[in-house]
Amino acid sequence: MNKILDPRQNICIVVGTRPEAIKMAPVYFALQKSASLRPVLLSTGQHREMLDQALAAFSLTPDHDLNLMQPGQSLADITSRVISSVFDYLVETRPAAVLVQGDTTTVFATALAAFYAGIPVGHVEAGLRTHDPQNPWPEEMNRRLVAPIARWHFCPTVQSREHLLSERIDEANCFVTGNTVVDALLWIRGTLAAEKRTAGQIARRVGIGEAFAGRFLDNLASRWILVTGHRRESHGPGFVKMCEGILRLVTEHSDLGILFPVHLNPRVREPVMQLLGDHDRIELIEPAGYEDFIWLMDRCTFLLSDSGGVQEEAPSLGKPVLVTRETTERPEGIAAGTCRLVGTDPDRIFAEAELLLCDADEFTRRSGLKNPYGDGSAADRIRQILEKSMAANGT
């Protein structure tokens with residue numbers, strides 16, 4: 001009997017880091033529903049452990065894993081390996097299109113490899129800009145360099161589309177879809193609600209001590225801040241100052257807890273462990289899996305973070321975010337009031353946290369603001385755009 005071949009066109013979805021996996025999972029699932037397109041998941045393995053952790057949250061396994069991460073790798077090292085290895089894979093498999101997400105080295109290098117291979121590129125989360133090539137570094141330059149390569153620009157907001165138009169990207173190729181991270185967040189939150197995980201289960205899974213879990217996670221009336229940090233521009237003095245601000249907060253507020261999943265980068269871990277490691281109301285844990293992190297984010301009082309994803313996710317859970325950066329490529333959250341820039345200055349961190357902790361009206365107002373980053377249907381919009389575009393072009 002002759003084997004019936006799948007008539008759908010392969011769309012290669014490339015991921016290399018945790019945020020890419022989270023934000024591309026909804027796109028993968030949306031393309032699985034397509035009658036004309038078929039998703040193929042390719043991993044570069046840029047950040048091995050945290051990437052695998054995020055994929056596991058969605059029960060996803062790459063169709064092919066390049067496994068490129070090496071100890072002590074430089075940006076030049078990983079860039080060259082991604083370009084070469086992804087190019088070879090694309091030339092061999094010839095997908096109809098390549099999809100990348102965001103602004104990592106995997107994104108830029110993959111887009112360039114696809115350009116060299118003559119394969120069109122779709123950029124998910126296109127058009128984000130700080131207009132400062134050094135901040136965040138190298139992410140701002142990565143996303144700028146992907147823009148002229150991409151055929152499809154899937155913009156999370158109207159403002160991100162306007163950034164691309166100002167750079168003379170063809171408006172016919174720029175689509176406002178919302179951000180797929182909202183799709184991922186709502187999917188995980190629904191799963192957690194169905195499973196009815198308890199505070200004790202979460203604490204054991206992520207390594208939170210019994211004393212902290214009993215005092216803060218089990219007690220819905222407690223107040224605690226969820227902290228994350230990883231940005232290169234804060235390495236060194238930035239993280240030291242941020243820790244000083246956190247210490248002042250717990251000193252001034254005897255009922256306040258801090259939960260800090262500490263990034264694996266040694267330049268983050270060393271100052272955090274040294275300055276925050278000996279306080280009974282500061283709990284330092286390993287990076288949490290995505291589903292557990294969503295549970296923690298849903299339970300905390302508010303967040304102190306330099307993460308772009310957190311700026312997009314937290315408003316859907318009614319959680320204000322203090323952003324430990326001087327600039328952000330996500331100004332929509334600042335304009336909406338769901339996020340506020342505080343940098344790493346300890347006085348600014350303390351003052352803005354104090355406002356949320358001591359002014360109940362201000363906290364309630366900011367907790368109730370609408371998420372400017374989407375409604376949970378971004379991935380389906382991307383699928384529909386690709387189906388229509390590829391059918392019209394016969395590709």
# chains A, B, ... in the order shown; residues from 1 in each chain; ligands from 1
>>> residues_around(residues="segment 79-94 of chain A", least_positions_apart="4", cutoff="8 Å", atoms="only C-alpha atoms", output="VMD selection string")
chain A and resid 44 66 68 75 105 to 106 109 to 110 112 to 114 116 to 117 119
>>> residues_around(residues="Gln201 of chain A", least_positions_apart="5", cutoff="12 Å", atoms="only C-alpha atoms", output="PyMOL selection string")
chain A and resi 192+195-196+206-210+213-214+217-218+292+295-296
>>> write_last_selection(atoms="C-alpha atoms", output="PDB file, in the first residue's frame")
ATOM      1  CA  LEU A 192      -3.693  24.751  37.248  1.00  0.00           C
ATOM      2  CA  GLU A 195      -5.578  20.310  38.856  1.00  0.00           C
ATOM      3  CA  LYS A 196      -6.287  22.267  42.076  1.00  0.00           C
ATOM      4  CA  VAL A 206      10.020  24.416  43.703  1.00  0.00           C
ATOM      5  CA  GLY A 207      11.988  23.996  46.934  1.00  0.00           C
ATOM      6  CA  ILE A 208      10.329  26.556  49.205  1.00  0.00           C
ATOM      7  CA  GLY A 209      10.962  25.885  52.880  1.00  0.00           C
ATOM      8  CA  GLU A 210       8.092  24.874  55.156  1.00  0.00           C
ATOM      9  CA  ALA A 213       5.391  28.383  52.765  1.00  0.00           C
ATOM     10  CA  GLY A 214       3.330  28.201  55.939  1.00  0.00           C
ATOM     11  CA  LEU A 217       1.881  30.768  50.579  1.00  0.00           C
ATOM     12  CA  ASP A 218      -0.744  29.158  52.824  1.00  0.00           C
ATOM     13  CA  ASP A 292       4.633  26.806  39.036  1.00  0.00           C
ATOM     14  CA  TRP A 295       0.816  29.824  40.310  1.00  0.00           C
ATOM     15  CA  LEU A 296       3.246  31.917  42.372  1.00  0.00           C
TER      16      LEU A 296
END
>>> select_by_dssp(residues="segment 131-160 of chain A", states="strand (DSSP E or B)", output="compact mmCIF listing (two decimals) with N, CA and C atoms, in the first residue's frame")
# COMPACT_ATOMS: atom_id res chain seq x y z
N TRP A 152 6.72 38.38 7.55
CA TRP A 152 5.53 38.62 8.36
C TRP A 152 5.96 39.17 9.72
N HIS A 153 5.34 40.26 10.11
CA HIS A 153 5.64 40.89 11.40
C HIS A 153 4.38 40.81 12.26
N PHE A 154 4.40 39.96 13.28
CA PHE A 154 3.25 39.75 14.15
C PHE A 154 3.43 40.63 15.39
N CYS A 155 2.79 41.78 15.37
CA CYS A 155 3.01 42.81 16.39
C CYS A 155 2.04 42.62 17.56
>>> residues_around(residues="segment 47-55 of chain A", least_positions_apart="6", cutoff="10 Å", atoms="only C-alpha atoms", output="ChimeraX atom specification")
/A:15-25,61-62,67-70,106,263-264,287-291
>>> residues_around(residues="Cys243 of chain A", least_positions_apart="4", cutoff="12 Å", atoms="only C-alpha atoms", output="PDB file with N, CA and C atoms, in the first residue's frame")
ATOM      1  N   VAL A 227      10.066  38.203  43.071  1.00  0.00           N
ATOM      2  CA  VAL A 227      11.168  38.935  42.435  1.00  0.00           C
ATOM      3  C   VAL A 227      11.824  38.053  41.378  1.00  0.00           C
ATOM      4  N   THR A 228      12.138  38.643  40.223  1.00  0.00           N
ATOM      5  CA  THR A 228      12.998  37.969  39.249  1.00  0.00           C
ATOM      6  C   THR A 228      13.995  38.979  38.703  1.00  0.00           C
ATOM      7  N   GLY A 229      15.112  38.489  38.189  1.00  0.00           N
ATOM      8  CA  GLY A 229      16.107  39.384  37.603  1.00  0.00           C
ATOM      9  C   GLY A 229      17.126  38.610  36.800  1.00  0.00           C
ATOM     10  N   SER A 234      22.130  44.956  34.294  1.00  0.00           N
ATOM     11  CA  SER A 234      22.105  45.073  35.752  1.00  0.00           C
ATOM     12  C   SER A 234      23.188  44.250  36.427  1.00  0.00           C
ATOM     13  N   GLY A 236      26.458  43.138  38.154  1.00  0.00           N
ATOM     14  CA  GLY A 236      27.388  43.938  38.933  1.00  0.00           C
ATOM     15  C   GLY A 236      26.656  44.878  39.870  1.00  0.00           C
ATOM     16  N   PRO A 237      26.915  46.199  39.771  1.00  0.00           N
ATOM     17  CA  PRO A 237      26.312  47.158  40.709  1.00  0.00           C
ATOM     18  C   PRO A 237      24.789  47.161  40.701  1.00  0.00           C
ATOM     19  N   GLY A 238      24.183  46.895  39.550  1.00  0.00           N
ATOM     20  CA  GLY A 238      22.724  46.925  39.467  1.00  0.00           C
ATOM     21  C   GLY A 238      22.064  45.931  40.400  1.00  0.00           C
ATOM     22  N   PHE A 239      22.533  44.707  40.412  1.00  0.00           N
ATOM     23  CA  PHE A 239      21.945  43.691  41.281  1.00  0.00           C
ATOM     24  C   PHE A 239      22.266  43.955  42.750  1.00  0.00           C
ATOM     25  N   LEU A 247      16.297  44.563  50.876  1.00  0.00           N
ATOM     26  CA  LEU A 247      16.604  44.473  52.305  1.00  0.00           C
ATOM     27  C   LEU A 247      15.932  45.601  53.095  1.00  0.00           C
ATOM     28  N   ARG A 248      15.902  46.783  52.526  1.00  0.00           N
ATOM     29  CA  ARG A 248      15.242  47.891  53.216  1.00  0.00           C
ATOM     30  C   ARG A 248      13.744  47.627  53.361  1.00  0.00           C
ATOM     31  N   LEU A 249      13.144  47.046  52.337  1.00  0.00           N
ATOM     32  CA  LEU A 249      11.716  46.749  52.393  1.00  0.00           C
ATOM     33  C   LEU A 249      11.383  45.763  53.510  1.00  0.00           C
ATOM     34  N   VAL A 250      12.145  44.679  53.610  1.00  0.00           N
ATOM     35  CA  VAL A 250      11.831  43.692  54.644  1.00  0.00           C
ATOM     36  C   VAL A 250      12.197  44.202  56.039  1.00  0.00           C
ATOM     37  N   ILE A 258       9.655  37.915  50.799  1.00  0.00           N
ATOM     38  CA  ILE A 258      10.230  38.033  49.455  1.00  0.00           C
ATOM     39  C   ILE A 258      10.521  36.636  48.946  1.00  0.00           C
ATOM     40  N   PHE A 260      12.281  34.799  45.689  1.00  0.00           N
ATOM     41  CA  PHE A 260      13.169  35.162  44.590  1.00  0.00           C
ATOM     42  C   PHE A 260      13.689  33.889  43.921  1.00  0.00           C
ATOM     43  N   VAL A 268      24.345  36.831  38.364  1.00  0.00           N
ATOM     44  CA  VAL A 268      23.128  37.146  39.113  1.00  0.00           C
ATOM     45  C   VAL A 268      23.182  36.483  40.484  1.00  0.00           C
ATOM     46  N   ARG A 269      23.533  35.207  40.494  1.00  0.00           N
ATOM     47  CA  ARG A 269      23.459  34.412  41.717  1.00  0.00           C
ATOM     48  C   ARG A 269      24.408  34.901  42.810  1.00  0.00           C
ATOM     49  N   GLU A 270      25.614  35.305  42.438  1.00  0.00           N
ATOM     50  CA  GLU A 270      26.614  35.656  43.457  1.00  0.00           C
ATOM     51  C   GLU A 270      26.172  36.820  44.339  1.00  0.00           C
ATOM     52  N   PRO A 271      25.773  37.971  43.766  1.00  0.00           N
ATOM     53  CA  PRO A 271      25.355  39.057  44.665  1.00  0.00           C
ATOM     54  C   PRO A 271      24.056  38.765  45.396  1.00  0.00           C
ATOM     55  N   VAL A 272      23.132  38.076  44.738  1.00  0.00           N
ATOM     56  CA  VAL A 272      21.848  37.777  45.373  1.00  0.00           C
ATOM     57  C   VAL A 272      22.046  36.837  46.560  1.00  0.00           C
ATOM     58  N   MET A 273      22.796  35.776  46.361  1.00  0.00           N
ATOM     59  CA  MET A 273      23.030  34.824  47.445  1.00  0.00           C
ATOM     60  C   MET A 273      23.790  35.470  48.594  1.00  0.00           C
ATOM     61  N   GLN A 274      24.760  36.300  48.255  1.00  0.00           N
ATOM     62  CA  GLN A 274      25.588  36.918  49.295  1.00  0.00           C
ATOM     63  C   GLN A 274      24.791  37.921  50.125  1.00  0.00           C
ATOM     64  N   LEU A 275      23.950  38.725  49.477  1.00  0.00           N
ATOM     65  CA  LEU A 275      23.264  39.808  50.184  1.00  0.00           C
ATOM     66  C   LEU A 275      21.921  39.406  50.769  1.00  0.00           C
ATOM     67  N   LEU A 276      21.239  38.428  50.157  1.00  0.00           N
ATOM     68  CA  LEU A 276      19.878  38.097  50.585  1.00  0.00           C
ATOM     69  C   LEU A 276      19.746  36.705  51.186  1.00  0.00           C
ATOM     70  N   GLY A 277      20.854  35.978  51.247  1.00  0.00           N
ATOM     71  CA  GLY A 277      20.757  34.568  51.602  1.00  0.00           C
ATOM     72  C   GLY A 277      20.508  34.243  53.058  1.00  0.00           C
ATOM     73  N   HIS A 279      18.291  35.882  55.376  1.00  0.00           N
ATOM     74  CA  HIS A 279      17.137  36.539  55.994  1.00  0.00           C
ATOM     75  C   HIS A 279      15.965  35.567  56.046  1.00  0.00           C
ATOM     76  N   ILE A 282      13.186  36.105  53.438  1.00  0.00           N
ATOM     77  CA  ILE A 282      13.584  36.118  52.027  1.00  0.00           C
ATOM     78  C   ILE A 282      13.915  34.682  51.623  1.00  0.00           C
ATOM     79  N   LEU A 304       8.467  42.451  41.455  1.00  0.00           N
ATOM     80  CA  LEU A 304       9.623  43.291  41.186  1.00  0.00           C
ATOM     81  C   LEU A 304      10.468  42.519  40.188  1.00  0.00           C
ATOM     82  N   THR A 324      12.541  46.706  37.157  1.00  0.00           N
ATOM     83  CA  THR A 324      13.881  47.106  37.583  1.00  0.00           C
ATOM     84  C   THR A 324      14.776  47.359  36.372  1.00  0.00           C
ATOM     85  N   THR A 344      17.215  50.174  39.227  1.00  0.00           N
ATOM     86  CA  THR A 344      17.807  49.387  40.314  1.00  0.00           C
ATOM     87  C   THR A 344      18.200  50.248  41.503  1.00  0.00           C
ATOM     88  N   ASP A 345      17.857  51.524  41.477  1.00  0.00           N
ATOM     89  CA  ASP A 345      18.178  52.402  42.602  1.00  0.00           C
ATOM     90  C   ASP A 345      17.371  51.985  43.825  1.00  0.00           C
ATOM     91  N   PRO A 346      18.019  51.723  44.965  1.00  0.00           N
ATOM     92  CA  PRO A 346      17.291  51.213  46.132  1.00  0.00           C
ATOM     93  C   PRO A 346      16.242  52.182  46.663  1.00  0.00           C
ATOM     94  N   ASP A 347      16.490  53.481  46.549  1.00  0.00           N
ATOM     95  CA  ASP A 347      15.497  54.450  47.031  1.00  0.00           C
ATOM     96  C   ASP A 347      14.242  54.435  46.169  1.00  0.00           C
ATOM     97  N   ILE A 349      13.186  51.876  44.320  1.00  0.00           N
ATOM     98  CA  ILE A 349      12.523  50.601  44.573  1.00  0.00           C
ATOM     99  C   ILE A 349      11.711  50.674  45.854  1.00  0.00           C
ATOM    100  N   PHE A 350      12.326  51.206  46.902  1.00  0.00           N
ATOM    101  CA  PHE A 350      11.630  51.294  48.186  1.00  0.00           C
ATOM    102  C   PHE A 350      10.402  52.189  48.084  1.00  0.00           C
TER     103      PHE A 350
END
>>> select_by_dssp(residues="segment 100-227 of chain A", states="helix (DSSP H, G or I)", output="MDAnalysis selection string")
chainID A and resid 105:117 139:146 158:166 171:173 180:195 199:206 210:217
>>> residues_around(residues="segment 355-368 of chain A", least_positions_apart="4", cutoff="7 Å", atoms="only C-alpha atoms", output="ChimeraX atom specification")
/A:318-320,337-338,351
>>> write_last_selection(atoms="N, CA and C atoms", output="CSV table (one decimal), in the first residue's frame")
chain,number,residue,atom,x,y,z
A,318,GLY,N,-4.0,40.6,37.4
A,318,GLY,CA,-4.2,41.7,38.4
A,318,GLY,C,-3.1,42.0,39.3
A,319,LYS,N,-1.8,41.8,38.8
A,319,LYS,CA,-0.7,42.0,39.6
A,319,LYS,C,0.2,43.2,39.1
A,320,PRO,N,0.3,44.3,39.9
A,320,PRO,CA,1.2,45.4,39.5
A,320,PRO,C,2.7,44.9,39.4
A,337,GLY,N,-0.4,51.8,33.1
A,337,GLY,CA,-0.3,51.9,34.6
A,337,GLY,C,-0.1,50.5,35.2
A,338,THR,N,-0.1,49.5,34.4
A,338,THR,CA,0.1,48.1,35.0
A,338,THR,C,1.5,47.9,35.5
A,351,ALA,N,10.5,53.3,47.5
A,351,ALA,CA,9.4,54.3,47.4
A,351,ALA,C,8.3,53.7,46.6
>>> closest_residue(among="A:Glu283, A:Asp183, A:Glu326, A:Glu352", to="Ala379 of chain A", atoms="only C-alpha atoms")
A:Asp183
>>> closest_atom_pairs(of="segment 228-285 of chain A", to="segment 137-149 of chain A", cutoff="10 Å", atoms="only C-alpha atoms", output="Markdown table")
| residue | atom | partner | partner_atom | distance |
| --- | --- | --- | --- | --- |
| A:Arg231 | CA | A:Trp137 | CA | 8.4 |
| A:Arg232 | CA | A:Trp137 | CA | 7.0 |
| A:Glu233 | CA | A:Trp137 | CA | 7.0 |
>>> write_last_selection(atoms="C-alpha atoms", output="mmCIF file, in the first residue's frame")
data_model
loop_
_atom_site.group_PDB
_atom_site.id
_atom_site.type_symbol
_atom_site.label_atom_id
_atom_site.label_comp_id
_atom_site.auth_asym_id
_atom_site.auth_seq_id
_atom_site.Cartn_x
_atom_site.Cartn_y
_atom_site.Cartn_z
ATOM 1 C CA ARG A 231 19.248 41.453 32.539
ATOM 2 C CA ARG A 232 22.884 41.911 31.541
ATOM 3 C CA GLU A 233 22.725 45.680 32.028
#
>>> decode(residues="segment 176-302 of chain A", atoms="C-alpha atoms", output="compact mmCIF listing (two decimals), in the first residue's frame")
# COMPACT_ATOMS: atom_id res chain seq x y z
CA VAL A 176 -1.45 43.47 15.19
CA THR A 177 -2.20 40.12 16.83
CA GLY A 178 -1.73 40.64 20.57
CA ASN A 179 1.00 38.85 22.47
CA THR A 180 1.03 35.05 22.55
CA VAL A 181 2.26 35.10 26.15
CA VAL A 182 -1.29 35.95 27.21
CA ASP A 183 -2.49 32.83 25.36
CA ALA A 184 0.12 30.76 27.21
CA LEU A 185 -0.69 32.30 30.58
CA LEU A 186 -4.43 31.66 30.30
CA TRP A 187 -3.84 28.10 29.10
CA ILE A 188 -1.56 27.30 32.05
CA ARG A 189 -3.84 29.05 34.52
CA GLY A 190 -6.77 26.94 33.34
CA THR A 191 -4.70 23.78 33.72
CA LEU A 192 -3.69 24.75 37.25
CA ALA A 193 -7.29 25.47 38.21
CA ALA A 194 -8.38 22.06 36.94
CA GLU A 195 -5.58 20.31 38.86
CA LYS A 196 -6.29 22.27 42.08
CA ARG A 197 -2.67 22.31 43.21
CA THR A 198 -2.15 23.24 46.83
CA ALA A 199 0.38 25.63 48.32
CA GLY A 200 2.18 22.68 49.91
CA GLN A 201 2.49 20.88 46.58
CA ILE A 202 3.88 23.96 44.87
CA ALA A 203 6.31 24.63 47.73
CA ARG A 204 7.71 21.11 47.59
CA ARG A 205 8.03 21.19 43.81
CA VAL A 206 10.02 24.42 43.70
CA GLY A 207 11.99 24.00 46.93
CA ILE A 208 10.33 26.56 49.20
CA GLY A 209 10.96 25.89 52.88
CA GLU A 210 8.09 24.87 55.16
CA ALA A 211 8.41 27.96 57.36
CA PHE A 212 8.13 30.41 54.47
CA ALA A 213 5.39 28.38 52.76
CA GLY A 214 3.33 28.20 55.94
CA ARG A 215 3.68 31.88 56.70
CA PHE A 216 3.13 33.27 53.19
CA LEU A 217 1.88 30.77 50.58
CA ASP A 218 -0.74 29.16 52.82
CA ASN A 219 -1.93 32.47 54.22
CA LEU A 220 -4.02 34.39 51.69
CA ALA A 221 -3.93 37.47 53.93
CA SER A 222 -0.12 37.60 53.88
CA ARG A 223 1.90 40.04 51.81
CA TRP A 224 4.86 38.94 49.75
CA ILE A 225 6.70 40.13 46.66
CA LEU A 226 7.78 37.83 43.83
CA VAL A 227 11.17 38.94 42.44
CA THR A 228 13.00 37.97 39.25
CA GLY A 229 16.11 39.38 37.60
CA HIS A 230 18.51 38.48 34.83
CA ARG A 231 19.25 41.45 32.54
CA ARG A 232 22.88 41.91 31.54
CA GLU A 233 22.72 45.68 32.03
CA SER A 234 22.10 45.07 35.75
CA HIS A 235 25.02 42.68 36.26
CA GLY A 236 27.39 43.94 38.93
CA PRO A 237 26.31 47.16 40.71
CA GLY A 238 22.72 46.93 39.47
CA PHE A 239 21.95 43.69 41.28
CA VAL A 240 23.76 44.86 44.40
CA LYS A 241 21.61 48.00 44.54
CA MET A 242 18.42 46.05 43.86
CA CYS A 243 19.23 43.73 46.76
CA GLU A 244 19.80 46.75 49.01
CA GLY A 245 16.32 48.01 48.15
CA ILE A 246 14.81 44.60 48.95
CA LEU A 247 16.60 44.47 52.31
CA ARG A 248 15.24 47.89 53.22
CA LEU A 249 11.72 46.75 52.39
CA VAL A 250 11.83 43.69 54.64
CA THR A 251 13.47 45.74 57.39
CA GLU A 252 10.73 48.39 57.31
CA HIS A 253 7.87 45.89 56.95
CA SER A 254 8.07 43.08 59.49
CA ASP A 255 5.14 41.23 57.87
CA LEU A 256 6.59 41.24 54.35
CA GLY A 257 8.04 38.21 52.56
CA ILE A 258 10.23 38.03 49.46
CA LEU A 259 10.34 35.04 47.12
CA PHE A 260 13.17 35.16 44.59
CA PRO A 261 13.67 32.37 42.00
CA VAL A 262 17.34 33.12 41.23
CA HIS A 263 18.53 32.98 37.63
CA LEU A 264 21.25 30.45 36.83
CA ASN A 265 23.73 33.06 35.57
CA PRO A 266 26.60 33.30 38.12
CA ARG A 267 26.67 37.09 37.76
CA VAL A 268 23.13 37.15 39.11
CA ARG A 269 23.46 34.41 41.72
CA GLU A 270 26.61 35.66 43.46
CA PRO A 271 25.35 39.06 44.67
CA VAL A 272 21.85 37.78 45.37
CA MET A 273 23.03 34.82 47.44
CA GLN A 274 25.59 36.92 49.30
CA LEU A 275 23.26 39.81 50.18
CA LEU A 276 19.88 38.10 50.58
CA GLY A 277 20.76 34.57 51.60
CA ASP A 278 20.51 34.90 55.40
CA HIS A 279 17.14 36.54 55.99
CA ASP A 280 14.26 34.46 57.38
CA ARG A 281 11.62 36.27 55.29
CA ILE A 282 13.58 36.12 52.03
CA GLU A 283 13.33 32.78 50.26
CA LEU A 284 15.82 32.11 47.47
CA ILE A 285 14.96 29.19 45.22
CA GLU A 286 16.04 27.74 41.89
CA PRO A 287 14.19 28.96 38.76
CA ALA A 288 10.64 27.61 38.89
CA GLY A 289 8.93 25.76 36.07
CA TYR A 290 6.56 27.92 34.07
CA GLU A 291 3.37 26.44 35.47
CA ASP A 292 4.63 26.81 39.04
CA PHE A 293 5.78 30.36 38.35
CA ILE A 294 2.30 31.25 37.09
CA TRP A 295 0.82 29.82 40.31
CA LEU A 296 3.25 31.92 42.37
CA MET A 297 2.57 35.03 40.32
CA ASP A 298 -1.17 34.54 40.79
CA ARG A 299 -0.70 34.29 44.57
CA CYS A 300 1.84 37.08 45.25
CA THR A 301 1.00 40.67 46.20
CA PHE A 302 2.97 42.25 43.33
